[in-house]
$ cat target01.pdb   # PDB, C-alpha atoms
ATOM      1  CA  MET A1286     134.517  82.030 -96.457
ATOM      2  CA  SER A1287     133.432  80.768 -93.008
ATOM      3  CA  LYS A1288     129.727  80.503 -92.268
ATOM      4  CA  TYR A1289     130.343  81.192 -88.552
ATOM      5  CA  SER A1290     129.392  84.524 -87.008
ATOM      6  CA  VAL A1291     132.429  84.362 -84.671
ATOM      7  CA  SER A1292     135.945  84.949 -86.022
ATOM      8  CA  PRO A1293     139.222  83.556 -84.623
ATOM      9  CA  ILE A1294     140.755  85.919 -82.067
ATOM     10  CA  ASP A1295     143.623  88.128 -83.233
ATOM     11  CA  PHE A1296     146.887  87.459 -81.362
ATOM     12  CA  ALA A1297     148.694  90.489 -82.792
ATOM     13  CA  GLY A1298     148.413  92.423 -79.504
ATOM     14  CA  LEU A1299     149.382  89.553 -77.208
ATOM     15  CA  LYS A1300     152.136  90.553 -74.748
ATOM     16  CA  THR A1301     155.184  88.280 -74.526
ATOM     17  CA  VAL A1302     158.011  88.072 -71.993
ATOM     18  CA  PRO A1303     161.686  87.121 -72.428
ATOM     19  CA  LEU A1304     162.342  83.402 -71.871
ATOM     20  CA  GLN A1305     165.234  84.210 -69.520
ATOM     21  CA  ALA A1306     163.023  86.472 -67.412
ATOM     22  CA  ARG A1307     160.225  83.929 -67.314
ATOM     23  CA  GLY A1308     162.461  81.181 -65.935
ATOM     24  CA  GLY A1309     161.309  77.579 -65.504
ATOM     25  CA  LYS A1310     160.719  74.872 -62.930
ATOM     26  CA  VAL A1311     162.900  72.377 -64.818
ATOM     27  CA  ARG A1312     166.607  73.212 -65.166
ATOM     28  CA  VAL A1313     169.534  71.427 -66.764
ATOM     29  CA  ALA A1314     171.131  71.300 -63.317
ATOM     30  CA  ASP A1315     168.302  68.980 -62.245
ATOM     31  CA  PHE A1316     168.749  66.507 -65.108
ATOM     32  CA  GLY A1317     169.770  62.917 -64.537
ATOM     33  CA  ALA A1318     173.294  61.678 -65.106
ATOM     34  CA  VAL A1319     174.338  58.733 -67.247
ATOM     35  CA  HIS A1320     174.858  55.587 -65.204
ATOM     36  CA  ARG A1321     178.436  54.357 -65.161
ATOM     37  CA  GLU A1322     179.075  50.653 -65.617
ATOM     38  CA  GLY A1323     179.837  49.022 -62.285
ATOM     39  CA  ALA A1324     178.985  52.153 -60.282
ATOM     40  CA  GLY A1325     176.425  50.360 -58.096
ATOM     41  CA  VAL A1326     172.965  51.155 -56.769
ATOM     42  CA  ALA A1327     174.048  54.083 -54.585
ATOM     43  CA  ALA A1328     175.541  55.846 -57.593
ATOM     44  CA  TRP A1329     172.445  55.014 -59.613
ATOM     45  CA  LEU A1330     170.277  56.664 -56.951
ATOM     46  CA  ASP A1331     172.480  59.761 -57.066
ATOM     47  CA  SER A1332     172.211  59.826 -60.860
ATOM     48  CA  LEU A1333     168.418  60.148 -60.929
ATOM     49  CA  PRO A1334     166.929  63.484 -62.014
ATOM     50  CA  HIS A1335     166.176  65.902 -59.190
ATOM     51  CA  ILE A1336     162.635  66.008 -60.525
ATOM     52  CA  LEU A1337     159.372  64.414 -59.308
ATOM     53  CA  ALA A1338     159.785  60.716 -58.430
ATOM     54  CA  GLY A1339     163.568  60.913 -58.587
ATOM     55  CA  ASP A1340     163.613  63.246 -55.606
ATOM     56  CA  SER A1341     160.751  61.348 -53.968
ATOM     57  CA  LEU A1342     162.727  58.104 -53.979
ATOM     58  CA  ARG A1343     165.761  59.877 -52.522
ATOM     59  CA  ALA A1344     163.584  61.432 -49.819
ATOM     60  CA  VAL A1345     162.034  58.074 -48.889
ATOM     61  CA  VAL A1346     165.438  56.375 -48.653
ATOM     62  CA  ALA A1347     166.751  59.230 -46.519
ATOM     63  CA  ALA A1348     163.696  59.187 -44.225
ATOM     64  CA  ILE A1349     163.921  55.436 -43.596
ATOM     65  CA  ALA A1350     167.670  55.610 -43.002
ATOM     66  CA  ALA A1351     167.199  58.509 -40.571
ATOM     67  CA  ALA A1352     164.396  56.705 -38.726
ATOM     68  CA  ARG A1353     166.654  53.690 -38.255
ATOM     69  CA  ALA A1354     169.552  55.839 -37.052
ATOM     70  CA  ASN A1355     167.299  57.714 -34.611
ATOM     71  CA  ARG A1356     165.466  54.592 -33.420
ATOM     72  CA  ARG A1357     162.077  55.737 -34.625
ATOM     73  CA  ALA A1358     159.330  53.383 -35.810
ATOM     74  CA  ILE A1359     159.459  52.045 -39.366
ATOM     75  CA  ILE A1360     156.138  50.311 -40.009
ATOM     76  CA  TRP A1361     155.390  48.450 -43.231
ATOM     77  CA  GLY A1362     151.711  48.011 -44.079
ATOM     78  CA  ILE A1363     151.441  45.290 -46.719
ATOM     79  CA  GLY A1364     148.672  43.866 -48.852
ATOM     80  CA  GLY A1365     148.354  40.353 -50.183
ATOM     81  CA  HIS A1366     150.028  41.067 -53.521
ATOM     82  CA  VAL A1367     153.299  41.875 -51.770
ATOM     83  CA  ILE A1368     153.553  38.332 -50.403
ATOM     84  CA  LYS A1369     152.290  36.802 -53.657
ATOM     85  CA  CYS A1370     155.041  38.624 -55.531
ATOM     86  CA  GLY A1371     157.696  36.807 -53.484
ATOM     87  CA  LEU A1372     158.899  39.749 -51.417
ATOM     88  CA  ALA A1373     158.891  38.181 -47.946
ATOM     89  CA  PRO A1374     162.647  37.415 -48.073
ATOM     90  CA  VAL A1375     163.370  41.059 -48.924
ATOM     91  CA  LEU A1376     161.211  42.326 -46.049
ATOM     92  CA  ILE A1377     162.683  39.782 -43.628
ATOM     93  CA  ASP A1378     166.175  40.998 -44.487
ATOM     94  CA  LEU A1379     165.133  44.645 -44.028
ATOM     95  CA  MET A1380     163.681  43.707 -40.636
ATOM     96  CA  ARG A1381     166.949  42.090 -39.583
ATOM     97  CA  ARG A1382     168.864  45.169 -40.714
ATOM     98  CA  GLY A1383     166.617  47.458 -38.665
ATOM     99  CA  TYR A1384     164.650  48.947 -41.567
ATOM    100  CA  ALA A1385     161.343  47.459 -40.366
ATOM    101  CA  THR A1386     160.263  47.646 -36.732
ATOM    102  CA  ALA A1387     156.726  46.303 -37.282
ATOM    103  CA  PHE A1388     154.433  44.977 -39.998
ATOM    104  CA  ALA A1389     150.710  45.479 -40.517
ATOM    105  CA  MET A1390     148.879  43.118 -42.866
ATOM    106  CA  ASN A1391     145.452  42.810 -44.353
ATOM    107  CA  GLY A1392     143.892  39.373 -44.225
ATOM    108  CA  ALA A1393     145.057  38.393 -47.698
ATOM    109  CA  ALA A1394     148.710  38.992 -46.854
ATOM    110  CA  ALA A1395     148.408  36.830 -43.729
ATOM    111  CA  ILE A1396     146.712  34.016 -45.672
ATOM    112  CA  HIS A1397     149.304  33.932 -48.440
ATOM    113  CA  ASP A1398     152.144  33.988 -45.928
ATOM    114  CA  PHE A1399     150.530  31.216 -43.861
ATOM    115  CA  GLU A1400     150.134  28.982 -46.935
ATOM    116  CA  ILE A1401     153.720  29.624 -48.013
ATOM    117  CA  ALA A1402     154.901  28.464 -44.591
ATOM    118  CA  LEU A1403     152.795  25.303 -44.753
ATOM    119  CA  ALA A1404     153.090  24.230 -48.362
ATOM    120  CA  GLY A1405     155.527  26.477 -50.205
ATOM    121  CA  HIS A1406     152.819  27.747 -52.547
ATOM    122  CA  THR A1407     149.749  29.988 -52.490
ATOM    123  CA  SER A1408     147.305  31.896 -54.735
ATOM    124  CA  GLU A1409     144.748  29.516 -56.193
ATOM    125  CA  ASP A1410     143.303  29.747 -59.701
ATOM    126  CA  VAL A1411     140.039  31.474 -58.764
ATOM    127  CA  GLU A1412     138.397  31.205 -62.177
ATOM    128  CA  ALA A1413     138.995  27.466 -62.263
ATOM    129  CA  VAL A1414     137.544  26.648 -58.838
ATOM    130  CA  LEU A1415     134.854  29.289 -58.307
ATOM    131  CA  PRO A1416     132.219  27.603 -60.553
ATOM    132  CA  ASP A1417     131.916  24.556 -58.276
ATOM    133  CA  GLY A1418     132.494  26.359 -54.988
ATOM    134  CA  ARG A1419     136.003  25.118 -54.249
ATOM    135  CA  PHE A1420     137.442  28.629 -54.073
ATOM    136  CA  GLY A1421     138.722  29.351 -50.581
ATOM    137  CA  ALA A1422     138.047  25.816 -49.365
ATOM    138  CA  ALA A1423     141.616  24.725 -48.546
ATOM    139  CA  GLU A1424     141.263  22.609 -45.411
ATOM    140  CA  GLU A1425     144.628  23.256 -43.742
ATOM    141  CA  THR A1426     144.484  27.010 -44.309
ATOM    142  CA  GLY A1427     141.017  27.410 -42.832
ATOM    143  CA  ARG A1428     141.440  24.953 -39.980
ATOM    144  CA  GLU A1429     144.902  25.973 -38.817
ATOM    145  CA  MET A1430     144.383  29.721 -39.105
ATOM    146  CA  ASN A1431     141.072  29.638 -37.277
ATOM    147  CA  GLU A1432     142.373  27.371 -34.533
ATOM    148  CA  ALA A1433     145.434  29.602 -34.143
ATOM    149  CA  ILE A1434     143.289  32.729 -33.876
ATOM    150  CA  ALA A1435     140.888  31.184 -31.363
ATOM    151  CA  ALA A1436     143.709  29.825 -29.196
ATOM    152  CA  GLY A1437     145.558  33.123 -29.404
ATOM    153  CA  ASP A1438     142.487  35.082 -28.437
ATOM    154  CA  ARG A1439     142.057  32.930 -25.342
ATOM    155  CA  ASP A1440     145.611  33.922 -24.419
ATOM    156  CA  ALA A1441     144.941  37.608 -25.131
ATOM    157  CA  LEU A1442     147.070  37.622 -28.297
ATOM    158  CA  GLY A1443     146.416  39.614 -31.428
ATOM    159  CA  MET A1444     145.873  37.821 -34.708
ATOM    160  CA  GLY A1445     149.392  38.361 -36.034
ATOM    161  CA  GLU A1446     151.100  37.021 -32.929
ATOM    162  CA  ALA A1447     148.689  34.079 -32.756
ATOM    163  CA  LEU A1448     149.446  33.088 -36.359
ATOM    164  CA  GLY A1449     153.175  33.413 -35.802
ATOM    165  CA  ARG A1450     152.986  31.198 -32.729
ATOM    166  CA  ARG A1451     151.078  28.509 -34.627
ATOM    167  CA  LEU A1452     153.442  28.609 -37.583
ATOM    168  CA  ASP A1453     156.386  28.121 -35.255
ATOM    169  CA  ALA A1454     154.855  24.761 -34.394
ATOM    170  CA  ILE A1455     153.573  23.585 -37.776
ATOM    171  CA  ALA A1456     155.506  25.329 -40.582
ATOM    172  CA  ALA A1457     157.417  23.087 -42.963
ATOM    173  CA  VAL A1458     161.130  23.310 -42.196
ATOM    174  CA  GLU A1459     162.035  23.967 -45.816
ATOM    175  CA  PHE A1460     159.492  26.806 -46.196
ATOM    176  CA  ALA A1461     159.721  28.466 -42.784
ATOM    177  CA  PRO A1462     162.517  30.870 -43.854
ATOM    178  CA  ALA A1463     160.160  32.374 -46.467
ATOM    179  CA  SER A1464     157.388  33.231 -43.991
ATOM    180  CA  LEU A1465     157.392  36.867 -42.893
ATOM    181  CA  VAL A1466     154.862  36.225 -40.113
ATOM    182  CA  LEU A1467     156.942  33.388 -38.667
ATOM    183  CA  GLN A1468     160.341  35.055 -38.966
ATOM    184  CA  ALA A1469     159.000  38.261 -37.419
ATOM    185  CA  TRP A1470     157.433  36.264 -34.551
ATOM    186  CA  ARG A1471     160.718  34.498 -33.833
ATOM    187  CA  VAL A1472     162.500  37.805 -33.231
ATOM    188  CA  ALA A1473     159.501  39.453 -31.507
ATOM    189  CA  THR A1474     158.907  42.006 -34.266
ATOM    190  CA  PRO A1475     155.196  42.902 -34.006
ATOM    191  CA  VAL A1476     152.872  41.807 -36.812
ATOM    192  CA  THR A1477     149.285  43.033 -36.751
ATOM    193  CA  VAL A1478     146.546  41.624 -38.986
ATOM    194  CA  HIS A1479     143.474  43.675 -39.861
ATOM    195  CA  VAL A1480     140.425  41.915 -41.332
ATOM    196  CA  ALA A1481     136.840  42.720 -42.196
ATOM    197  CA  MET A1482     134.452  39.843 -41.573
ATOM    198  CA  GLY A1483     133.740  37.932 -44.764
ATOM    199  CA  THR A1484     136.640  39.319 -46.776
ATOM    200  CA  ASP A1485     138.965  36.346 -46.245
ATOM    201  CA  THR A1486     138.651  32.693 -47.188
ATOM    202  CA  PRO A1487     139.173  31.295 -43.645
ATOM    203  CA  HIS A1488     135.923  33.027 -42.648
ATOM    204  CA  MET A1489     134.126  30.397 -44.772
ATOM    205  CA  HIS A1490     135.618  27.460 -42.882
ATOM    206  CA  PRO A1491     133.490  25.527 -40.343
ATOM    207  CA  ALA A1492     136.105  26.300 -37.680
ATOM    208  CA  ALA A1493     135.688  30.056 -38.049
ATOM    209  CA  ASP A1494     134.837  31.744 -34.753
ATOM    210  CA  GLY A1495     133.517  35.217 -35.463
ATOM    211  CA  ALA A1496     133.914  36.367 -31.879
ATOM    212  CA  ALA A1497     137.546  35.249 -31.744
ATOM    213  CA  ILE A1498     138.336  36.772 -35.140
ATOM    214  CA  GLY A1499     136.787  40.083 -34.158
ATOM    215  CA  SER A1500     138.459  40.148 -30.764
ATOM    216  CA  ALA A1501     141.895  39.217 -32.125
ATOM    217  CA  THR A1502     141.888  41.711 -34.977
ATOM    218  CA  HIS A1503     140.595  44.474 -32.684
ATOM    219  CA  ARG A1504     143.419  43.691 -30.256
ATOM    220  CA  ASP A1505     145.798  44.067 -33.190
ATOM    221  CA  PHE A1506     144.234  47.419 -34.054
ATOM    222  CA  ARG A1507     144.929  48.636 -30.536
ATOM    223  CA  LEU A1508     148.482  47.290 -30.800
ATOM    224  CA  PHE A1509     148.867  49.059 -34.143
ATOM    225  CA  CYS A1510     147.835  52.309 -32.469
ATOM    226  CA  SER A1511     150.620  51.840 -29.915
ATOM    227  CA  LEU A1512     153.074  51.201 -32.749
ATOM    228  CA  ALA A1513     151.835  54.245 -34.657
ATOM    229  CA  ALA A1514     152.564  56.444 -31.647
ATOM    230  CA  GLY A1515     156.232  55.574 -32.221
ATOM    231  CA  LEU A1516     156.169  57.383 -35.558
ATOM    232  CA  ASP A1517     156.289  60.741 -33.793
ATOM    233  CA  GLY A1518     159.381  62.795 -34.531
ATOM    234  CA  GLY A1519     160.847  61.042 -37.529
ATOM    235  CA  GLY A1520     159.221  57.631 -37.998
ATOM    236  CA  VAL A1521     158.110  56.208 -41.345
ATOM    237  CA  TYR A1522     154.907  54.417 -42.329
ATOM    238  CA  LEU A1523     154.865  52.635 -45.696
ATOM    239  CA  ASN A1524     151.621  51.416 -47.249
ATOM    240  CA  VAL A1525     152.499  48.802 -49.856
ATOM    241  CA  GLY A1526     149.763  47.215 -51.914
ATOM    242  CA  SER A1527     146.672  47.816 -49.775
ATOM    243  CA  ALA A1528     144.169  50.127 -51.441
ATOM    244  CA  VAL A1529     141.383  50.149 -48.842
ATOM    245  CA  VAL A1530     141.763  48.285 -45.533
ATOM    246  CA  LEU A1531     145.177  49.444 -44.323
ATOM    247  CA  PRO A1532     144.789  53.094 -45.400
ATOM    248  CA  GLU A1533     141.569  53.199 -43.380
ATOM    249  CA  VAL A1534     143.175  51.455 -40.412
ATOM    250  CA  PHE A1535     146.118  53.866 -40.497
ATOM    251  CA  LEU A1536     143.966  56.991 -40.543
ATOM    252  CA  LYS A1537     141.877  55.791 -37.591
ATOM    253  CA  ALA A1538     145.027  54.909 -35.678
ATOM    254  CA  VAL A1539     146.458  58.388 -36.257
ATOM    255  CA  SER A1540     143.277  59.963 -34.930
ATOM    256  CA  ALA A1541     143.018  57.627 -31.921
ATOM    257  CA  VAL A1542     146.636  58.213 -30.909
ATOM    258  CA  ARG A1543     146.213  61.988 -31.042
ATOM    259  CA  ASN A1544     142.846  61.815 -29.292
ATOM    260  CA  LEU A1545     144.500  60.009 -26.382
ATOM    261  CA  GLY A1546     147.000  62.818 -26.013
ATOM    262  CA  HIS A1547     150.047  61.250 -27.626
ATOM    263  CA  PRO A1548     152.145  63.531 -29.824
ATOM    264  CA  LEU A1549     152.194  62.372 -33.437
ATOM    265  CA  ALA A1550     153.863  64.785 -35.832
ATOM    266  CA  GLY A1551     156.907  65.180 -38.008
ATOM    267  CA  PHE A1552     156.838  61.697 -39.549
ATOM    268  CA  THR A1553     156.956  60.419 -43.136
ATOM    269  CA  THR A1554     154.363  58.379 -44.997
ATOM    270  CA  VAL A1555     154.844  56.524 -48.267
ATOM    271  CA  ASN A1556     152.437  54.783 -50.619
ATOM    272  CA  LEU A1557     153.930  52.233 -52.998
ATOM    273  CA  ASP A1558     151.616  50.688 -55.569
ATOM    274  CA  PHE A1559     151.233  50.173 -59.304
ATOM    275  CA  VAL A1560     148.122  52.387 -59.257
ATOM    276  CA  GLN A1561     147.659  55.423 -57.022
ATOM    277  CA  HIS A1562     144.153  55.398 -55.570
ATOM    278  CA  TYR A1563     142.174  58.206 -53.941
ATOM    279  CA  ARG A1564     142.057  56.526 -50.529
ATOM    280  CA  THR A1565     145.781  55.852 -50.343
ATOM    281  CA  ARG A1566     146.560  59.378 -51.495
ATOM    282  CA  VAL A1567     144.410  61.139 -48.921
ATOM    283  CA  ASN A1568     144.598  58.698 -45.980
ATOM    284  CA  VAL A1569     148.296  57.921 -46.212
ATOM    285  CA  VAL A1570     150.092  60.617 -48.191
ATOM    286  CA  GLU A1571     148.115  63.761 -47.326
ATOM    287  CA  ARG A1572     145.707  63.845 -44.360
ATOM    288  CA  PRO A1573     148.025  62.554 -41.593
ATOM    289  CA  HIS A1574     150.305  65.572 -42.093
ATOM    290  CA  ALA A1575     147.656  68.302 -41.946
ATOM    291  CA  GLY A1576     148.856  70.694 -39.255
ATOM    292  CA  ALA A1577     151.434  68.165 -38.085
ATOM    293  CA  GLY A1578     154.449  68.630 -40.331
ATOM    294  CA  GLY A1579     156.303  65.775 -41.937
ATOM    295  CA  GLY A1580     155.479  64.730 -45.479
ATOM    296  CA  GLY A1581     154.032  62.049 -47.701
ATOM    297  CA  TYR A1582     155.314  60.489 -50.906
ATOM    298  CA  ALA A1583     153.752  58.338 -53.617
ATOM    299  CA  LEU A1584     155.947  55.967 -55.616
ATOM    300  CA  THR A1585     154.208  54.221 -58.493
ATOM    301  CA  GLY A1586     155.353  50.888 -59.868
ATOM    302  CA  HIS A1587     155.192  47.128 -59.476
ATOM    303  CA  HIS A1588     155.911  45.821 -55.994
ATOM    304  CA  GLU A1589     158.274  43.150 -57.296
ATOM    305  CA  ILE A1590     160.484  45.945 -58.675
ATOM    306  CA  LEU A1591     159.956  48.864 -56.291
ATOM    307  CA  VAL A1592     160.418  47.028 -52.989
ATOM    308  CA  PRO A1593     163.705  45.291 -53.912
ATOM    309  CA  LEU A1594     164.910  48.557 -55.451
ATOM    310  CA  LEU A1595     164.145  50.473 -52.271
ATOM    311  CA  ALA A1596     165.810  47.736 -50.225
ATOM    312  CA  ALA A1597     168.932  47.854 -52.397
ATOM    313  CA  CYS A1598     169.147  51.630 -51.987
ATOM    314  CA  LEU A1599     168.909  51.305 -48.213
ATOM    315  CA  ILE A1600     171.485  48.509 -48.021
ATOM    316  CA  GLU A1601     173.992  50.363 -50.194
ATOM    317  CA  LYS A1602     173.436  53.496 -48.119
ATOM    318  CA  GLU A1603     174.964  51.591 -45.200
ATOM    319  CA  LEU A1604     178.250  51.068 -47.080
TER     320      LEU A1604
END
$ encode --input "target01.pdb" --output "structure tokens"
Amino acid sequence: MSKYSVSPIDFAGLKTVPLQARGGKVRVADFGAVHREGAGVAAWLDSLPHILAGDSLRAVVAAIAAARANRRAIIWGIGGHVIKCGLAPVLIDLMRRGYATAFAMNGAAAIHDFEIALAGHTSEDVEAVLPDGRFGAAEETGREMNEAIAAGDRDALGMGEALGRRLDAIAAVEFAPASLVLQAWRVATPVTVHVAMGTDTPHMHPAADGAAIGSATHRDFRLFCSLAAGLDGGGVYLNVGSAVVLPEVFLKAVSAVRNLGHPLAGFTTVNLDFVQHYRTRVNVVERPHAGAGGGGYALTGHHEILVPLLAACLIEKEL
């Protein structure tokens, strides 16, 4: 006998409904199909369930393909991890195929790409060098990036273009093909770099010029706003691996473009990352479409898998 004064509720009078009449959001017709050996990536994409991320991936592929066909902007915003994961060759190929019309980077992405071009390696062991203060103290990285930025600023260049110009002169021949900044510069595809003072290792170098850094990255922000205006009517913006800086930059650019009277509606945004954060969800996937149409998608997974997979889907869509 229970000691409680409250008894379990009696379900005898609960009203039920027929399962057929109730219906359901998930139907057998939406289920995935078994992949056929040798069918290829395009068939694999078609075989995905028409549920959640399966349809999201299809929608993203279709939006990018449509933007390319209609000559609308396709802007890739990339964080440092994307370069560290070895994806520059994939992005360079997409650029050459017309699936990337511009790139926006945070400072980390630019640093890793710059070091790849110079030495063929990047990403130091922070735990090993932080105790004695050697973290971020690479001489060539700090000196060459800061000199490139200062010289570029004197010539009214943004940070991305300034770094590309310098790499064209100093990149190692054997590593130059793996540099996204350099390869984009050589074909005049815009690269903008967005930094916050003190967030990047070159800011520690004796050659750092705060005025030049600020001026160059602000010039790139204004260039990014011009690029963002090209998203109107079917463009695509992809945020890949930046949880804070680029989502904030993108939202401000959207507001500035609209404030200046440019139409900016009916475009697609995508966030690709292995964790979906609040800022990327609201600033990239949701807020830009409020009252403006279009739509946003979130694809969750590791960059080194998702980006090549998306690229393969786009390439096979051409066939």
$ atom_distance --input "target01.pdb" --atom1 "CA of Val1414 in chain A" --atom2 "CA of Asp1398 in chain A"
20.8 Å
$ resolve_selection --input "target01.pdb" --expression "the PyMOL selection byres ((chain A and resi 1593) around 12)" --output "short mmCIF file (atom, residue, chain, number, x, y, z; two decimals) with C-alpha atoms, keeping the file's coordinate frame"
data_model
loop_
_atom_site.label_atom_id
_atom_site.label_comp_id
_atom_site.auth_asym_id
_atom_site.auth_seq_id
_atom_site.Cartn_x
_atom_site.Cartn_y
_atom_site.Cartn_z
CA VAL A 1326 172.96 51.16 -56.77
CA VAL A 1367 153.30 41.88 -51.77
CA CYS A 1370 155.04 38.62 -55.53
CA GLY A 1371 157.70 36.81 -53.48
CA LEU A 1372 158.90 39.75 -51.42
CA ALA A 1373 158.89 38.18 -47.95
CA PRO A 1374 162.65 37.42 -48.07
CA VAL A 1375 163.37 41.06 -48.92
CA LEU A 1376 161.21 42.33 -46.05
CA ILE A 1377 162.68 39.78 -43.63
CA ASP A 1378 166.18 41.00 -44.49
CA LEU A 1379 165.13 44.64 -44.03
CA GLY A 1586 155.35 50.89 -59.87
CA HIS A 1587 155.19 47.13 -59.48
CA HIS A 1588 155.91 45.82 -55.99
CA GLU A 1589 158.27 43.15 -57.30
CA ILE A 1590 160.48 45.94 -58.68
CA LEU A 1591 159.96 48.86 -56.29
CA VAL A 1592 160.42 47.03 -52.99
CA LEU A 1594 164.91 48.56 -55.45
CA LEU A 1595 164.14 50.47 -52.27
CA ALA A 1596 165.81 47.74 -50.22
CA ALA A 1597 168.93 47.85 -52.40
CA CYS A 1598 169.15 51.63 -51.99
CA LEU A 1599 168.91 51.30 -48.21
CA ILE A 1600 171.48 48.51 -48.02
#
$ resolve_selection --input "target01.pdb" --expression "the PyMOL selection byres ((chain A and resi 1333) around 10)" --output "VMD selection string"
chain A and resid 1315 to 1320 1328 to 1332 1334 to 1336 1338 to 1340 1342 to 1343
$ closest_atom_pairs --input "target01.pdb" --of "range 1356-1398 of chain A" --to "range 1429-1450 of chain A" --cutoff "9 Å" --atoms "only C-alpha atoms" --output "JSON lines"
{"residue": "A:Ala1389", "atom": "CA", "partner": "A:Gly1445", "partner_atom": "CA", "distance": 8.5}
{"residue": "A:Met1390", "atom": "CA", "partner": "A:Gly1445", "partner_atom": "CA", "distance": 8.3}
{"residue": "A:Ala1395", "atom": "CA", "partner": "A:Gly1445", "partner_atom": "CA", "distance": 7.9}
{"residue": "A:Ile1396", "atom": "CA", "partner": "A:Met1430", "partner_atom": "CA", "distance": 8.2}
$ atom_distance --input "target01.pdb" --atom1 "CA of Val1478 in chain A" --atom2 "CA of Glu1533 in chain A"
13.3 Å
$ atom_distance --input "target01.pdb" --atom1 "CA of Asp1505 in chain A" --atom2 "CA of His1562 in chain A"
25.1 Å
$ residues_around --input "target01.pdb" --residues "range 1482-1497 of chain A" --least-positions-apart "2" --cutoff "7 Å" --atoms "all atoms listed in the file" --output "ChimeraX atom specification"
/A:1392-1393,1421,1426-1428,1431,1434-1435,1438,1480,1499-1501
$ closest_residue --input "target01.pdb" --among "A:Ala1327, A:Ala1402, A:Val1521, A:Val1530" --to "Tyr1582 in chain A" --atoms "all atoms listed in the file"
A:Val1521
$ resolve_selection --input "target01.pdb" --expression "the PyMOL selection byres ((chain A and resi 1584) around 6)" --output "PyMOL selection string"
chain A and resi 1557+1583+1585
$ closest_atom_pairs --input "target01.pdb" --of "range 1495-1523 of chain A" --to "range 1359-1365 of chain A" --cutoff "7 Å" --atoms "all atoms listed in the file" --output "CSV"
residue,atom,partner,partner_atom,distance
A:Gly1520,CA,A:Ile1359,CA,5.8
A:Val1521,CA,A:Ile1359,CA,4.8
A:Tyr1522,CA,A:Ile1360,CA,4.9
A:Leu1523,CA,A:Trp1361,CA,4.9
$ residues_around --input "target01.pdb" --residues "range 1510-1515 of chain A" --least-positions-apart "2" --cutoff "10 Å" --atoms "only C-alpha atoms" --output "ChimeraX atom specification"
/A:1356-1360,1386-1389,1475,1477,1504-1508,1517-1522,1534-1535,1537-1543,1547-1550,1552
$ build_atoms --input "target01.pdb" --residues "range 1504-1516 of chain A" --atoms "N, CA and C atoms" --output "tab-separated table (two decimals), in the frame of the given file"
chain	number	residue	atom	x	y	z
A	1504	ARG	N	142.24	43.59	-31.12
A	1504	ARG	CA	143.42	43.69	-30.26
A	1504	ARG	C	144.62	44.15	-31.09
A	1505	ASP	N	144.72	43.63	-32.31
A	1505	ASP	CA	145.80	44.07	-33.19
A	1505	ASP	C	145.65	45.53	-33.59
A	1506	PHE	N	144.41	45.99	-33.75
A	1506	PHE	CA	144.23	47.42	-34.05
A	1506	PHE	C	144.75	48.27	-32.90
A	1507	ARG	N	144.45	47.87	-31.68
A	1507	ARG	CA	144.93	48.64	-30.54
A	1507	ARG	C	146.46	48.57	-30.43
A	1508	LEU	N	147.03	47.41	-30.77
A	1508	LEU	CA	148.48	47.29	-30.80
A	1508	LEU	C	149.06	48.18	-31.90
A	1509	PHE	N	148.41	48.21	-33.05
A	1509	PHE	CA	148.87	49.06	-34.14
A	1509	PHE	C	148.86	50.52	-33.73
A	1510	CYS	N	147.87	50.93	-32.96
A	1510	CYS	CA	147.84	52.31	-32.47
A	1510	CYS	C	149.05	52.60	-31.60
A	1511	SER	N	149.42	51.66	-30.74
A	1511	SER	CA	150.62	51.84	-29.92
A	1511	SER	C	151.86	51.96	-30.79
A	1512	LEU	N	151.93	51.14	-31.83
A	1512	LEU	CA	153.07	51.20	-32.75
A	1512	LEU	C	153.10	52.52	-33.51
A	1513	ALA	N	151.92	52.99	-33.91
A	1513	ALA	CA	151.84	54.24	-34.66
A	1513	ALA	C	152.30	55.42	-33.83
A	1514	ALA	N	152.10	55.36	-32.52
A	1514	ALA	CA	152.56	56.44	-31.65
A	1514	ALA	C	154.07	56.61	-31.74
A	1515	GLY	N	154.78	55.53	-32.08
A	1515	GLY	CA	156.23	55.57	-32.22
A	1515	GLY	C	156.72	56.25	-33.49
A	1516	LEU	N	155.79	56.66	-34.35
A	1516	LEU	CA	156.17	57.38	-35.56
A	1516	LEU	C	156.52	58.83	-35.26
